[in-house]
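**Student:** Sharing a structure with you now.
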Amino acid sequence: MKKIIDAVDTIVDQALDGMVIAYPEYLQRVEGTSVLARRVPKGTGKVGLVSGGGSGHEPAHAGYVGYGMLDAAVAGEVFTSPTPDQVYAGIKAADHGAGVLLVVKNYTGDVMNFDIARELADADGIATEVVLVNDDIAVQDSLYTTGRRGIAGTVFVHKIAGATAEEGASLATVKAVGDEVVANIASMGFALTSCTVPANGKPTFELGENEIEMGVGIHGEPGIERMPMMSAADLTAFLYHRLVEELALVPNERVAAMVNSMGATPGIELAIMAGHLAALVKGSQLSLEKVLMGEFMTSLEMAGASLTLLRLDDTRARRLGAACDTPALRVVTH
Amino acid sequence: MKKIIDAVDTIVDQALDGMVIAYPEYLQRVEGTSVLARRVPKGTGKVGLVSGGGSGHEPAHAGYVGYGMLDAAVAGEVFTSPTPDQVYAGIKAADHGAGVLLVVKNYTGDVMNFDIARELADADGIATEVVLVNDDIAVQDSLYTTGRRGIAGTVFVHKIAGATAEEGASLATVKAVGDEVVANIASMGFALTSCTVPANGKPTFELGENEIEMGVGIHGEPGIERMPMMSAADLTAFLYHRLVEELALVPNERVAAMVNSMGATPGIELAIMAGHLAALVKGSQLSLEKVLMGEFMTSLEMAGASLTLLRLDDTRARRLGAACDTPALRVVTH
Amino acid sequence: MPSMKQVTFRDLWQRFAELVHENKSVLNDLDAAIGDADHGSNMDRGLEKAVEALNASPEGSLRADAKLIGMTLMSTVGGASGALWGSGMLKFAAALPDAPEVTWADFVNALGAFVEALSKRGQAVAGDKTMMDVFLPAMVEIQAQLSDEESLPASMVRLADQAKAWSDGTRDLVAKRGRAAYLGERSAGHIDPGSLSSAFWFEALAGAVGQQ
Amino acid sequence: MPSMKQVTFRDLWQRFAELVHENKSVLNDLDAAIGDADHGSNMDRGLEKAVEALNASPEGSLRADAKLIGMTLMSTVGGASGALWGSGMLKFAAALPDAPEVTWADFVNALGAFVEALSKRGQAVAGDKTMMDVFLPAMVEIQAQLSDEESLPASMVRLADQAKAWSDGTRDLVAKRGRAAYLGERSAGHIDPGSLSSAFWFEALAGAVGQQ
Ligand SMILES: Nc1ncnc2c1ncn2[C@@H]1O[C@H](COP(=O)(O)OP(=O)(O)O)[C@@H](O)[C@H]1O
Ligand SMILES: Nc1ncnc2c1ncn2[C@@H]1O[C@H](COP(=O)(O)OP(=O)(O)O)[C@@H](O)[C@H]1O
Ligand SMILES: [Mg+2]
Ligand SMILES: [Mg+2]
Ligand SMILES: [Mg+2]
Ligand SMILES: [Mg+2]
């Protein structure tokens with residue numbers, strides 16, 4: 001394992017301080033915690049948004065703290081959900097009297113730790129709601145199991161729920177909007193290489209020179225199957241058709257898309273996927289109104305990509321296009 | 001070689017179209033060329049800025065096309081400087097009657113191809129100037145050789161010269177400002193892994209599990225030496241002290257810095273470097289006024305990073321902070 | 001009726017921490033196969049802190065120790081196991097009398113509260129391929145042992161062996177809860193890491209009881 | 001006085017393109033050691049297009065062919081070698097009479113213009129570890145051959161061998177120009193890729209002249 005670090009157990013702490021060094025206009029660290037909150041807090045009476053999870057998904061989640069998106073991000077150890085006390089510190093930092101929405105990716109660890117934090121907030125009289133993101137369609141949903149995982153589509157929830165909160169909507173409304181986004185996103189990704197969890201020191205899995213892991217999770221969890229490597233056209237089509245089917249998109253509907261790098265995949269490869277995506281969207285007579293392309297939800301240095309589709313309506317389209325100003329996503333309106 | 005591509009020889013062409021798909025508000029492709037130009041061109045009478053070079057450095061260079069930075073970016077094959085006809089097409093796209101500044105990284109191929117393009121522009125009556133960027137201090141300068149390479153510091157030239165052009169300055173002034181930036185930047189990087197040039201199909205070099213290539217170029221060119229892997233603290237200090245010495249920075253001077261990923265290095269590792277950087281800057285009693293952290297000038301999927309320091313004065317600081325709106329760099333002023 | 005002294009309780013956690021530490025990469029590797037490769041690191045991080053906290057805390061009651069362990073695990077482990085072990089141990093503490101020595105029955109009762117907290121928090125049932133596949137049958141055994149004549153040390157050694165076997169038994173299961181559940185059928189063929197660390201807890205218990 | 005027909009000139013470029021294509025990864029590997037691993041890909045891309053363009057172009061004059069080659073290389077190779085071969089061949093064309101067959105003296109004269117263009121564009125001198133380390137001595141030899149009695153085919157075979165040796169000789173040099181110059185002393189010990197592709201050009205010339 002070759003990484004630019006000093007010691008495995010100080011990675012997250014050091015990285016949090018480093019984020020503040022790099023983005024002092026945006027971020028401040030809540031003293032003694034692993035919470036990064038807005039440098040300039042939102043006005044009183046507006047709903048706060050908190051997200052978080054294990055580290056190693058940069059720019060998620062602190063990269064989305066700022067005007068129009070999150071109020072605080074809570075970081076756990078690499079790929080390990082944060083503990084309830086940390087989440088609770090995030091809730092307090094984000095509370096401006098109108099309650100706090102927690103955007104949680106559907107992993108047992110995250111769900112339980114955020115739940116315990118909510119119990120703490122409850123005892124302190126801070127109202128909270130949760131939006132549970134489960135956009136990864138690689139994993140079959142089932143009543144009997146944990147359900148689907150949350151992956152890159154989470155960023156759309158941050159953006160649209162964040163814009164709603166900025167408008168001054170109530171906690172119930174912001175939650176409802178978040179849930180609606182979740183109901184209209186689907187994502188799926190694949191890995192060309194594994195990542196190496198620092199505390200583990202070796203790649204989580206091994207792939208042959210001609211193999212990919214299809215439907216991989218964002219923590220190096222295995223996906224649906226090992227497949228032979230495919231062309232960019234085939235990879236994009238493979239994901240795209242499943243997403244369209246899952247969302248039951250029909251001609252003339254409007255969509256936004258995200259072409260997300262797992263970490264190591266270079267920009268030119270994402271752009272090639274974006275090109276195929278546009279052609280596929282055209283082929284299904286959908287209207288592609290927005291593409292987010294780049295690193296949004298990574299898995300350390302994993303090579304690979306994920307594709308997300310979001311069904312748009314007027315309101316979601318407007319909120320997706322609303323101004324925001326965060327370290328990782330800035331929408332400039334003219 | 002496992003890459004998300006369709007065929008080696010269509011990579012750049014497809015990626016250029018994909019960039020337009022992802023950033024339709026910012027970019028358009030000049031028909032039949034490898035030039036991406038601003039969707040909404042700059043007003044008449046303002047100096048145009050063109051940069052470019054081989055592909056594989058994304059978001060460089062098309063990522064910097066937009067308000068406050070470049071007017072057109074010219075893409076060559078992966079790691080191969082673009083041909084004169086393409087550069088010339090870029091010049092024509094960027095010309096709004098006040099001449100065009102070419103920001104060229106100091107590589108023989110780029111220099112010669114941009115020179116030939118200038119001869120073509122000259123014949124057509126378009127005034128051009130060149131700013132030659134040679135910020136890589138790993139390579140010793142010498143009158144008898146090609147001089148130093150241009151690497152990530154180039155982005156500071158785009159930003160500051162771009163802001164100057166947007167102010168309505170003359171071609172001579174924009175060039176002078178660009179040259180002044182070049183005189184005040186120094187960069188150096190290292191690689192933890194090699195990248196794989198698609199046309200070549202295998203890693204350009206091999207590094208042992210405990211080896212790094214110090215002073216590596218952005219095309220996988222070897223650097224100054226193989227060194228054993230170091231801690232983040234030592235790596236940052238190694239680069240930092242050389243940069244400070246090269247720029248002869250003295251206490252109380254003001255600097256901006258860039259912590260640039262070579263491609264695969266995750267955000268947390270960059271943030272750890274940023275933390276060390278801030279401590280080092282403090283130790284030398286310099287004032288760190290701006291940090292750019294992320295992927296600015298990559299080498300495909302190479303793991304590693306580079307550090308750039310830029311000496312600031314009032315004017316450069318103001319222009320660095322001026323509003324800009326491009327795919328890869330957006331400065332929102334409030 | 002046997003009892004448990006505070007020193008034995010601390011010894012149990014010291015042993016548990018050591019077992020997890022020694023098997024950190026074994027646990028990570030199991031997690032790599034069907035999860036995210038961090039279960040060993042998570043438990044090790046938390047247990048190291050918990051033992052540190054115990055050592056720094058004046059001796060008083062098992063209940064205070066259990067609460068300290070719960071709070072420490074809750075705030076240092078993270079992930080699914082942190083929430084489970086953390087809330088479990090807090091309930092364990094709440095169920096214990098506040099004394100430097102408790103009866104074996106008190107201890108078993110508190111363990112019942114622990115397992116109940118896990119069920120509530122995690123919603124896993126037997127066969128879901130989680131740590132419950134060790135704790136649920138172990139609870140039955142340890143309760144049965146209460147009325148048994150077999151010596152406590154011997155029965156705990158037997159329980160530790162059984163726990164190891166129950167953990168091994170998760171290999172054939174298809175996960176229904178936790179991160180491994182996302183794999184569906186592909187989760188079969190690998191031991192659940194949380195069940196193995198749980199078996200270590202029973203190994204530690206046997207060791208501590210054997211020394212008392 | 002020997003001459004060169006258009007068919008021979010085209011044959012030369014056909015052969016050159018084939019040699020580069022066959023040795024594409026050899027050239028890339030040499031470039032990987034001291035540059036950016038693309039010299040073979042660059043030259044191959046351009047030469048394939050140049051030969052395509054020649055085949056699609058009606059026969060007329062060597063000058064038109066040379067110009068077509070220059071334009072094609074200029075707009076398809078890229079990098080240092082694209083600028084050099086491109087501008088070199090345009091000057092080569094300009095120096096040739098506009099005829100379907102030129103004298104050998106005309107050809108050598110045009111080659112002089114080619115080398116001069118390379119010098120001007122690239123500023124490299126002998127010993128800088130570039131393609132000039134083949135073209136500069138080759139120019140001296142080929143000019144001397146003009147007044148020699150040795151048969152042209154035989155002397156071109158000898159020149160091709162010499163070109164190979166000159167290319168090999170770049171191994172010991174420290175690069176002063178081009179991307180390899182950034183390596184300083186570390187550039188020694190590797191053959192310059194551009195010198196080898198240049199040697200292929202002389203091999204192609206010998207082959208074409210031998211067939212004519
Ligand atoms: N819902 C649940 N109920 C009981 N145990 C669970 C549950 N979810 C996960 N576990 C246990 O937690 C273990 C994983 O812990 P760990 O790897 O530390 O957390 P994470 O899954 O968040 O990375 C699993 O092996 C399993 O035994
Ligand atoms: N200034 C120069 N003068 C002459 N030849 C040069 C010069 N610079 C580079 N070359 C030649 O070009 C070759 C490299 O070409 P290529 O790899 O295609 O371009 P790039 O260096 O831009 O990647 C070198 O091996 C060398 O022979
Ligand atoms: Mg985890
Ligand atoms: Mg090149
Ligand atoms: Mg885990
Ligand atoms: Mg090269």
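Quick note on naming: the chains in the structure tokens go A, B, ... in the order shown, residues restart at 1 in each chain, and ligands are numbered from 1 in order of appearance.
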Check which residues fall inside 8 Å of ligand 5 when counting only C-alpha atoms and all ligand atoms, and print them as number ranges by chain.
**Tutor:** A: 79-80; C: 28, 31-32, 35-39, 42, 79-80, 179
**Student:** What are the nearest atom pairs, with distances in Å to one decimal, for all residues of chain A that come at most 12 Å from ligand 3, using only C-alpha atoms and all ligand atoms, set out by chain and rising residue number as CSV?
**Tutor:**
residue,atom,partner,partner_atom_place_in_ligand_line,distance
A:Gly53,CA,ligand 3,1 (Mg),9.4
A:Gly54,CA,ligand 3,1 (Mg),7.3
A:Ser55,CA,ligand 3,1 (Mg),10.0
A:Gly56,CA,ligand 3,1 (Mg),11.2
A:Gly76,CA,ligand 3,1 (Mg),9.2
A:Glu77,CA,ligand 3,1 (Mg),8.4
A:Val78,CA,ligand 3,1 (Mg),7.8
A:Phe79,CA,ligand 3,1 (Mg),5.0
A:Thr80,CA,ligand 3,1 (Mg),3.8
A:Ser81,CA,ligand 3,1 (Mg),6.2
A:Pro82,CA,ligand 3,1 (Mg),9.5
A:Thr83,CA,ligand 3,1 (Mg),11.5
A:Tyr107,CA,ligand 3,1 (Mg),8.9
A:Thr108,CA,ligand 3,1 (Mg),9.3
A:Gly109,CA,ligand 3,1 (Mg),7.1
A:Asp110,CA,ligand 3,1 (Mg),9.0
A:Asn113,CA,ligand 3,1 (Mg),11.8
A:Val197,CA,ligand 3,1 (Mg),10.1
A:Ala199,CA,ligand 3,1 (Mg),11.3
A:Asn200,CA,ligand 3,1 (Mg),11.7
A:Gly217,CA,ligand 3,1 (Mg),11.7
A:Ile218,CA,ligand 3,1 (Mg),10.8
A:His219,CA,ligand 3,1 (Mg),7.7
A:Gly220,CA,ligand 3,1 (Mg),10.2
A:Glu221,CA,ligand 3,1 (Mg),9.9
**Student:** So which residues touch B:Glu58 within 12 Å, counting only C-alpha atoms, skipping near sequence neighbours fewer than 2 positions away, as JSON, numbers by chain?
**Tutor:** {"A": [265, 266, 267, 268, 269, 270, 271, 294], "B": [12, 15, 16, 19, 52, 53, 54, 55, 56, 60, 61, 62, 63, 64, 73, 75, 78, 79, 152, 155, 218, 260, 261, 262, 263, 294, 295, 296, 297, 298, 299, 300, 301, 327, 328]}
**Student:** Point out the residue among B:Pro84, B:Gly48, B:Pro228, B:Gly32 with the least atom-to-atom distance to chain D, counting only C-alpha atoms.
**Tutor:**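 The shortest atom-to-atom distance to chain D comes from B:Pro84.
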**Student:** Using DSSP secondary structure from the backbone, list all strand (DSSP E or B) positions within stretch 48-278 of chain A, as a PyMOL selection string.
**Tutor:** chain A and resi 48-55+65+67+70+72-78+100-105+128-133+136+185-191+196+203+211-214+225-228+254-261+263
**Student:** Mind the document's chain letters and residue numbers, and return as a ChimeraX atom specification the residues of stretch 46-160 of chain D that DSSP labels helix (DSSP H, G or I).
**Tutor:** /D:46-56,62-76,79-95,104-122,132-145,152-160
**Student:** Please, could you write that set of residues out with C-alpha atoms as a PDB file, in the first residue's frame?
**Tutor:**
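So the final result, stored in selection_29.pdb, reads:
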ATOM      1  CA  GLY D  46       0.983  10.176 -39.413  1.00  0.00           C
ATOM      2  CA  LEU D  47       2.656   7.790 -41.843  1.00  0.00           C
ATOM      3  CA  GLU D  48      -0.459   5.689 -42.235  1.00  0.00           C
ATOM      4  CA  LYS D  49      -2.335   8.830 -43.199  1.00  0.00           C
ATOM      5  CA  ALA D  50       0.452  10.028 -45.468  1.00  0.00           C
ATOM      6  CA  VAL D  51       0.549   6.781 -47.414  1.00  0.00           C
ATOM      7  CA  GLU D  52      -3.236   6.825 -47.616  1.00  0.00           C
ATOM      8  CA  ALA D  53      -3.080  10.353 -48.977  1.00  0.00           C
ATOM      9  CA  LEU D  54      -0.416   9.388 -51.519  1.00  0.00           C
ATOM     10  CA  ASN D  55      -2.438   6.431 -52.705  1.00  0.00           C
ATOM     11  CA  ALA D  56      -5.505   8.614 -53.100  1.00  0.00           C
ATOM     12  CA  LEU D  62       7.510  14.260 -56.534  1.00  0.00           C
ATOM     13  CA  ARG D  63       7.096  17.817 -55.378  1.00  0.00           C
ATOM     14  CA  ALA D  64       3.330  17.460 -55.045  1.00  0.00           C
ATOM     15  CA  ASP D  65       3.835  14.164 -53.224  1.00  0.00           C
ATOM     16  CA  ALA D  66       6.377  15.677 -50.843  1.00  0.00           C
ATOM     17  CA  LYS D  67       4.060  18.573 -50.099  1.00  0.00           C
ATOM     18  CA  LEU D  68       1.181  16.198 -49.479  1.00  0.00           C
ATOM     19  CA  ILE D  69       3.366  14.182 -47.128  1.00  0.00           C
ATOM     20  CA  GLY D  70       4.495  17.325 -45.309  1.00  0.00           C
ATOM     21  CA  MET D  71       0.965  18.630 -44.886  1.00  0.00           C
ATOM     22  CA  THR D  72      -0.290  15.242 -43.742  1.00  0.00           C
ATOM     23  CA  LEU D  73       2.483  14.676 -41.230  1.00  0.00           C
ATOM     24  CA  MET D  74       2.132  18.237 -39.993  1.00  0.00           C
ATOM     25  CA  SER D  75      -1.573  17.766 -39.301  1.00  0.00           C
ATOM     26  CA  THR D  76      -1.610  14.210 -37.979  1.00  0.00           C
ATOM     27  CA  GLY D  79       4.423  16.360 -30.868  1.00  0.00           C
ATOM     28  CA  ALA D  80       7.993  17.302 -31.649  1.00  0.00           C
ATOM     29  CA  SER D  81       8.358  14.835 -34.483  1.00  0.00           C
ATOM     30  CA  GLY D  82       5.204  16.088 -36.207  1.00  0.00           C
ATOM     31  CA  ALA D  83       6.417  19.659 -36.298  1.00  0.00           C
ATOM     32  CA  LEU D  84       9.863  18.576 -37.480  1.00  0.00           C
ATOM     33  CA  TRP D  85       8.896  16.028 -40.154  1.00  0.00           C
ATOM     34  CA  GLY D  86       6.026  18.301 -41.232  1.00  0.00           C
ATOM     35  CA  SER D  87       8.013  21.473 -41.722  1.00  0.00           C
ATOM     36  CA  GLY D  88      10.983  19.490 -43.037  1.00  0.00           C
ATOM     37  CA  MET D  89       8.957  17.849 -45.784  1.00  0.00           C
ATOM     38  CA  LEU D  90       7.327  21.122 -46.785  1.00  0.00           C
ATOM     39  CA  LYS D  91      10.789  22.623 -47.297  1.00  0.00           C
ATOM     40  CA  PHE D  92      11.839  19.432 -49.081  1.00  0.00           C
ATOM     41  CA  ALA D  93       8.941  19.899 -51.463  1.00  0.00           C
ATOM     42  CA  ALA D  94       9.685  23.546 -52.051  1.00  0.00           C
ATOM     43  CA  ALA D  95      13.278  22.693 -52.999  1.00  0.00           C
ATOM     44  CA  TRP D 104      19.550  12.392 -57.711  1.00  0.00           C
ATOM     45  CA  ALA D 105      21.262  15.745 -57.218  1.00  0.00           C
ATOM     46  CA  ASP D 106      17.833  17.413 -56.954  1.00  0.00           C
ATOM     47  CA  PHE D 107      16.787  14.827 -54.428  1.00  0.00           C
ATOM     48  CA  VAL D 108      19.906  15.322 -52.320  1.00  0.00           C
ATOM     49  CA  ASN D 109      19.507  19.060 -52.553  1.00  0.00           C
ATOM     50  CA  ALA D 110      15.913  18.782 -51.283  1.00  0.00           C
ATOM     51  CA  LEU D 111      17.100  16.584 -48.451  1.00  0.00           C
ATOM     52  CA  GLY D 112      19.507  19.366 -47.554  1.00  0.00           C
ATOM     53  CA  ALA D 113      16.558  21.757 -47.340  1.00  0.00           C
ATOM     54  CA  PHE D 114      14.781  19.215 -45.137  1.00  0.00           C
ATOM     55  CA  VAL D 115      17.703  19.001 -42.727  1.00  0.00           C
ATOM     56  CA  GLU D 116      18.099  22.759 -42.696  1.00  0.00           C
ATOM     57  CA  ALA D 117      14.429  23.144 -41.782  1.00  0.00           C
ATOM     58  CA  LEU D 118      14.872  20.679 -38.940  1.00  0.00           C
ATOM     59  CA  SER D 119      17.865  22.648 -37.651  1.00  0.00           C
ATOM     60  CA  LYS D 120      15.963  25.898 -37.799  1.00  0.00           C
ATOM     61  CA  ARG D 121      12.793  24.556 -36.190  1.00  0.00           C
ATOM     62  CA  GLY D 122      14.430  22.389 -33.567  1.00  0.00           C
ATOM     63  CA  MET D 132      19.688  15.203 -36.076  1.00  0.00           C
ATOM     64  CA  ASP D 133      22.329  12.737 -34.959  1.00  0.00           C
ATOM     65  CA  VAL D 134      21.239  10.633 -37.904  1.00  0.00           C
ATOM     66  CA  PHE D 135      20.315  13.291 -40.433  1.00  0.00           C
ATOM     67  CA  LEU D 136      23.364  15.548 -40.058  1.00  0.00           C
ATOM     68  CA  PRO D 137      26.030  12.880 -40.715  1.00  0.00           C
ATOM     69  CA  ALA D 138      23.782  11.231 -43.321  1.00  0.00           C
ATOM     70  CA  MET D 139      23.646  14.514 -45.195  1.00  0.00           C
ATOM     71  CA  VAL D 140      27.436  14.692 -45.303  1.00  0.00           C
ATOM     72  CA  GLU D 141      27.664  11.120 -46.578  1.00  0.00           C
ATOM     73  CA  ILE D 142      24.970  11.454 -49.181  1.00  0.00           C
ATOM     74  CA  GLN D 143      26.545  14.614 -50.503  1.00  0.00           C
ATOM     75  CA  ALA D 144      29.950  12.921 -50.706  1.00  0.00           C
ATOM     76  CA  GLN D 145      28.341  10.007 -52.538  1.00  0.00           C
ATOM     77  CA  LEU D 152      23.670   4.233 -55.764  1.00  0.00           C
ATOM     78  CA  PRO D 153      21.847   1.141 -54.436  1.00  0.00           C
ATOM     79  CA  ALA D 154      24.980  -0.169 -52.753  1.00  0.00           C
ATOM     80  CA  SER D 155      25.860   3.163 -51.219  1.00  0.00           C
ATOM     81  CA  MET D 156      22.338   3.596 -49.915  1.00  0.00           C
ATOM     82  CA  VAL D 157      22.509   0.201 -48.236  1.00  0.00           C
ATOM     83  CA  ARG D 158      25.741   1.284 -46.618  1.00  0.00           C
ATOM     84  CA  LEU D 159      24.157   4.592 -45.573  1.00  0.00           C
ATOM     85  CA  ALA D 160      21.230   2.760 -44.019  1.00  0.00           C
TER      86      ALA D 160
END
**Student:** When distances are computed from only C-alpha atoms, which of A:Asp314, A:Asp95, A:Glu209, A:Glu253 shows the smallest separation from chain B?
**Tutor:**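 Checking each candidate against chain B, we get A:Glu209 as the closest.
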